[in-house]
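Asks: Structure in C-alpha cells, see below.
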Amino acid sequence: MAVRIAFLHALFFAIASVANCDNYPFQSLVPRKTFLVNKYGAVPDGRTDNSQAFLRAWKDACKYEGRSVVLIPEGKYLVETVSFEGPCKFPIALVIRGTLKAPTDPGKFSTNTWIAFRYINRLTVAGGGFLDGTGSAAWKYNDCQSNPNCMALPASMRFDFVVNSKIHHLKSFNSKNTHINLFACTNMSISNVRISAPGESPNTDGIHIGSSSNIRISKSIISTGDDCVAMVSGSHNIDISDVACGPGHGISIGSLGKGHDERVSNIRVRNCTFLGTDNGVRIKTWGAASDGSSASYIVFEDIVMKNVRNPIVIDQQYCPIPNCLSGNSGVQIQDVMFKNIWGVSNTKVALNIECSEIRPCKDIKLIDIRLAFNGRGPSTAVCSNVQGSSNGRVIPRGCHL
C-alpha cells in the first residue's frame, strides 16, 4: 500500500511540475471566468443539499481553458459529502463567501470526509467564509476508545494528492473530526485561517498532516479539542509560524511507531503562542518495536507558553487508551532543538523528555528555556535516556545534557 501511494504521489507530482509552468500558449489571452454556484441550482436556505450544484459548477470550471473561480456567495448552504476532483486544465479557485453547513443526520456520517479535494494542481481555497461542521450533533458517536466497531466521523476538509496550492482566509468551526487533513500533498500553504471547537470535543485536530512535504502554516488561530497541528508519518519539510494555539493538545509530531518505517523530518515551529493547552510542543511515540522509524531535524523556537500543561514533551511511551502497546519504543528521535521557549507552566514538571531505553534520544539541544510554575515552588524537569547539550539559561534545571 505504501509503495503504491508513493508511486501515485511521484507520478502526479511529476505531471504537476510540468503543468506548473505558466507558459501555456494562450493562457494570457483567455480571461479568468467565475462560475457562480447559484446558476447551477445552489440554494442558500440551509436546508437544501447543494452538493450536486457545487459539483456541476466545479466540473465546468475544471475543464475551462483558463483560470477559473467557483464562487459560493453569502448565504447558508447545506452540503452533504462532496469531492472536487482533478486534474483541471488551469489554476482553479474555490471562493467561499457564505457558510457551508454539514448535515446533522447520523445516517450521513458514515464517511471519513465532508468536503474533499483530490488530484489538483494550483488550487486556491479562500474567501473569508465559514465551514460549519455541526460537530455537536456527532461527538457523542465518537466512542472509538471503548468501541472497536466505532463510527468513522468525517473530517471537514481533506486534501489528497494536491500540489502547488493555497488555503487562506477561511473559518472552520465545530468539525465532527479533523478540521483540515492533508495527505500526499506537496508545496502547500495554509494562512490566515481560524479554527475553533470546544476544548472537550474529541479528535478535532486543527490541521492534520501525513505523507506530505513542503507545507507552510502561518498567521492562524487554532482552538480545538485535540492537536492544533499534528504531523504524522511521512511529514517532511513543514514550517509552522505565527500560530496561536489553545485550547487544544498543542503542536505534535506523532504519534509514531505503531507500524514500521514511519518517519518525520525537517520540521520547524517558530514564533507561536500556546494558551491554556494540555501540551505545548510534543513528540510522541508508541512503546513498541518499530523498525526504521524516526523523528529528526526538528526545531521549536521563539515560543511563548501561557498557563500550559506540559510545555515541552518527548514521550516515547505514548498511551492515550487502555491496554496500550507497552515496551521500548523503536523510534529514533534525534537532532531536536528547543530554543527560546518561555512562559508559565500549569504543571510542576515543565520539561519532560522521556526517551526509549533501546534507542535513546540523540543530539537534543536545550537553549534559553525559561518556564515558571504557576503554583508553589519552582518548575521541575524529568529526563531519561537523553543525549545532547544545554546552552544559555535553562529553567527548569534537571536535565543534565
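In the C-alpha cells, chains take the letters A, B, ... in the order shown, each chain's residues start at 1, and ligands count up from 1 in the order shown.
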Contacts of Asp261 of chain A at 8 Å or less, counting only C-alpha atoms, minus same-chain residues fewer than 4 places along, as a list in words?

Replies: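 Here the answer would be Ser290, Asp291, Gly292, Ser293 and Ser294 of chain A.
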
Asks: With all heavy atoms retained, write the just-selected residues as a compact mmCIF listing (two decimals), in the first residue's frame.

Replies:
```txt
# COMPACT_ATOMS: atom_id res chain seq x y z
N SER A 290 9.58 -0.71 16.44
CA SER A 290 9.20 -0.12 15.15
C SER A 290 10.46 0.06 14.32
O SER A 290 11.18 1.03 14.48
CB SER A 290 8.48 1.22 15.37
OG SER A 290 8.14 1.83 14.15
N ASP A 291 10.72 -0.87 13.44
CA ASP A 291 11.94 -0.83 12.64
C ASP A 291 11.90 0.31 11.63
O ASP A 291 10.90 0.52 10.95
CB ASP A 291 12.13 -2.15 11.90
CG ASP A 291 12.35 -3.33 12.84
OD1 ASP A 291 12.84 -3.09 13.96
OD2 ASP A 291 12.02 -4.46 12.45
N GLY A 292 13.00 1.04 11.55
CA GLY A 292 13.15 2.07 10.53
C GLY A 292 12.38 3.35 10.77
O GLY A 292 12.28 4.18 9.87
N SER A 293 11.86 3.56 11.97
CA SER A 293 11.06 4.76 12.25
C SER A 293 11.91 5.82 12.94
O SER A 293 12.78 5.50 13.77
CB SER A 293 9.86 4.41 13.12
OG SER A 293 8.99 3.52 12.44
N SER A 294 11.65 7.10 12.63
CA SER A 294 12.46 8.16 13.22
C SER A 294 11.74 9.50 13.17
O SER A 294 10.85 9.71 12.35
CB SER A 294 13.80 8.28 12.47
OG SER A 294 13.59 8.66 11.12
```

Asks: Which neighbours of His179 of chain A fall inside 7 Å, counting only C-alpha atoms, when residues of the same chain fewer than 2 positions from it are skipped, and could you give them as a list in words?

Replies: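 Skipping anything fewer than 2 positions along the chain leaves Ala155, Ser156, Met157, Ser172, Ser175, Asn177, Asn181, Thr204, Asp205, Gly206 and Ile207 of chain A.
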
Asks: Restricting it to C-alpha atoms, dump the selection as a CSV table (one decimal), in the first residue's frame.

Replies:
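After the write, result03.csv holds the following:
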```csv
chain,number,residue,atom,x,y,z
A,155,ALA,CA,-13.1,15.4,8.6
A,156,SER,CA,-14.4,18.8,7.5
A,157,MET,CA,-12.0,19.4,4.6
A,172,SER,CA,-13.8,26.3,10.3
A,175,SER,CA,-15.8,19.9,12.9
A,177,ASN,CA,-13.4,15.1,13.4
A,181,ASN,CA,-6.5,17.0,6.7
A,204,THR,CA,-10.9,17.5,16.4
A,205,ASP,CA,-7.4,18.1,15.2
A,206,GLY,CA,-7.0,21.6,13.7
A,207,ILE,CA,-4.6,20.6,10.9
```

Asks: Quick one: pick out all strand (DSSP E) residues within segment 313-368 of chain A from a backbone DSSP run and write them as a tab-separated table (two decimals) with C-alpha atoms, in the first residue's frame.

Replies:
```tsv
chain	number	residue	atom	x	y	z
A	313	VAL	CA	7.35	16.92	25.96
A	314	ILE	CA	9.09	13.97	24.36
A	315	ASP	CA	7.00	10.92	25.27
A	316	GLN	CA	8.16	7.55	23.99
A	317	GLN	CA	5.54	5.68	26.00
A	318	TYR	CA	2.52	7.41	24.50
A	332	GLN	CA	14.82	7.02	16.90
A	333	ILE	CA	14.46	10.68	17.90
A	334	GLN	CA	17.48	12.83	17.07
A	335	ASP	CA	18.62	16.34	16.16
A	336	VAL	CA	15.89	18.20	18.04
A	337	MET	CA	16.35	21.77	19.27
A	338	PHE	CA	14.21	23.61	21.83
A	339	LYS	CA	15.29	27.26	21.75
A	340	ASN	CA	14.00	30.45	23.40
A	341	ILE	CA	10.87	28.93	24.91
A	342	TRP	CA	9.48	30.85	27.86
A	343	GLY	CA	6.33	31.42	29.91
A	344	VAL	CA	4.24	29.75	32.59
A	345	SER	CA	3.51	26.05	33.11
A	349	VAL	CA	7.00	19.33	35.53
A	350	ALA	CA	7.51	21.85	32.74
A	351	LEU	CA	10.21	19.96	30.83
A	352	ASN	CA	9.57	16.26	30.30
A	353	ILE	CA	11.87	14.32	27.98
A	354	GLU	CA	11.47	10.57	28.45
A	361	CYS	CA	17.23	10.38	22.02
A	362	LYS	CA	20.34	11.82	20.35
A	363	ASP	CA	21.59	15.37	19.92
A	364	ILE	CA	18.79	17.06	21.88
A	365	LYS	CA	19.58	20.76	22.40
A	366	LEU	CA	18.08	22.97	25.13
A	367	ILE	CA	18.87	26.66	24.59
A	368	ASP	CA	17.46	29.55	26.63
```

Asks: Rounded to one decimal place, report the atom CA of Ile303 of chain A-atom CA of Ser379 of chain A distance in Å.

Replies: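 Atom CA of Ser379 of chain A lies 17.5 Å from atom CA of Ile303 of chain A.
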
Asks: Mind checking which residues fall within 8 Å of Pro198 of chain A, counting only C-alpha atoms, ignoring those fewer than 6 positions away in the same chain, and posting them as an NGL selection string?

Replies: :A and (174 or 223-225 or 247)

Asks: Separation of atom CA of Pro73 of chain A and atom CA of Ser165 of chain A, in Å?

Replies: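 A separation of 21.7 Å between them.
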
Asks: For Ser146 of chain A, find every residue with an atom within 12 Å (counting only C-alpha atoms), except residues of its own chain fewer than 2 positions away, and show them as a PyMOL selection string.

Replies: chain A and resi 141-144+148-151+320-323

Asks: For Ile221 of chain A, find every residue with an atom within 8 Å (counting only C-alpha atoms), except residues of its own chain fewer than 2 positions away, and show them as JSON, numbers by chain.

Replies: {"A": [192, 193, 194, 195, 219, 223, 243, 244, 245]}

Asks: Write a file of the selected residues as a compact mmCIF listing (two decimals), in the first residue's frame, keeping C-alpha atoms.

Replies:
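Resulting contents of out.txt:
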```txt
# COMPACT_ATOMS: atom_id res chain seq x y z
CA ASN A 192 -4.96 33.31 7.93
CA VAL A 193 -7.31 30.51 8.95
CA ARG A 194 -9.40 30.47 12.11
CA ILE A 195 -10.20 27.03 13.51
CA LYS A 219 -0.76 33.59 10.74
CA SER A 223 -8.65 26.44 19.24
CA VAL A 243 0.19 30.37 15.12
CA ALA A 244 -1.85 30.88 18.31
CA CYS A 245 -2.84 27.50 19.75
```

Asks: Expressed in Å to a single decimal, how great is the separation between atom CA of Ala289 of chain A and atom CA of Ser213 of chain A?

Replies: 25.8 Å

Asks: Residues within 10 Å of Glu74 of chain A, please, as a ChimeraX atom specification. Count only C-alpha atoms; anything in the same chain fewer than 5 positions from it doesn't count.

Replies: /A:44,96-100,129-130

Asks: Let me see the file: selected residues, all heavy atoms, as a compact mmCIF listing (two decimals), in the first residue's frame.

Replies:
```txt
# COMPACT_ATOMS: atom_id res chain seq x y z
N PRO A 44 -29.30 28.90 -1.04
CA PRO A 44 -28.74 29.22 0.28
C PRO A 44 -29.81 29.31 1.36
O PRO A 44 -29.96 30.31 2.04
CB PRO A 44 -28.09 30.58 0.03
CG PRO A 44 -28.95 31.23 -1.00
CD PRO A 44 -29.44 30.12 -1.88
N ILE A 96 -15.18 30.81 -1.05
CA ILE A 96 -16.32 30.64 -0.15
C ILE A 96 -16.56 31.95 0.58
O ILE A 96 -15.75 32.36 1.42
CB ILE A 96 -16.05 29.50 0.86
CG1 ILE A 96 -15.71 28.19 0.13
CG2 ILE A 96 -17.25 29.31 1.78
CD1 ILE A 96 -15.17 27.11 1.04
N ARG A 97 -17.65 32.60 0.26
CA ARG A 97 -18.02 33.83 0.97
C ARG A 97 -19.16 33.58 1.96
O ARG A 97 -19.33 34.34 2.91
CB ARG A 97 -18.42 34.91 -0.02
CG ARG A 97 -17.32 35.26 -1.01
CD ARG A 97 -17.41 36.70 -1.47
NE ARG A 97 -16.44 37.01 -2.52
CZ ARG A 97 -15.17 37.26 -2.31
NH1 ARG A 97 -14.68 37.21 -1.09
NH2 ARG A 97 -14.36 37.53 -3.33
N GLY A 98 -19.91 32.54 1.74
CA GLY A 98 -21.01 32.20 2.63
C GLY A 98 -20.60 31.18 3.68
O GLY A 98 -19.43 31.01 3.99
N THR A 99 -21.60 30.48 4.22
CA THR A 99 -21.39 29.43 5.23
C THR A 99 -21.80 28.09 4.64
O THR A 99 -22.93 27.94 4.15
CB THR A 99 -22.22 29.72 6.49
OG1 THR A 99 -21.79 30.94 7.08
CG2 THR A 99 -22.06 28.59 7.50
N LEU A 100 -20.89 27.12 4.68
CA LEU A 100 -21.21 25.76 4.29
C LEU A 100 -21.56 24.98 5.54
O LEU A 100 -20.78 24.95 6.50
CB LEU A 100 -20.04 25.10 3.56
CG LEU A 100 -19.45 25.87 2.37
CD1 LEU A 100 -18.45 25.00 1.63
CD2 LEU A 100 -20.54 26.36 1.42
N GLY A 129 -15.15 32.85 4.10
CA GLY A 129 -16.39 32.21 4.55
C GLY A 129 -16.17 31.22 5.68
O GLY A 129 -15.08 31.13 6.27
N PHE A 130 -17.24 30.47 5.98
CA PHE A 130 -17.27 29.59 7.15
C PHE A 130 -17.56 28.15 6.75
O PHE A 130 -18.36 27.89 5.84
CB PHE A 130 -18.36 30.04 8.13
CG PHE A 130 -18.14 31.41 8.72
CD1 PHE A 130 -18.52 32.55 8.01
CD2 PHE A 130 -17.55 31.55 9.97
CE1 PHE A 130 -18.33 33.81 8.55
CE2 PHE A 130 -17.36 32.82 10.51
CZ PHE A 130 -17.74 33.94 9.80
```

Asks: Compile the contact shell of Gly41 of chain A as a PyMOL selection string: residues with an atom at most 8 Å away, counting only C-alpha atoms, same-chain residues fewer than 3 positions apart removed.

Replies: chain A and resi 37-38+50+53

Asks: Using only C-alpha atoms, pick whichever of A:Lys108, A:Ala42, A:Lys306, A:Ile120 has the shortest atom-to-atom distance to Ala93 of chain A.

Replies: A:Ile120

Asks: Return the single residue from A:Val269, A:Ile358, A:Cys399, A:Val125 that is closest to Ser218 of chain A, with distances computed using only C-alpha atoms.

Replies: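 So, comparing all the options, the nearest one is A:Val269.
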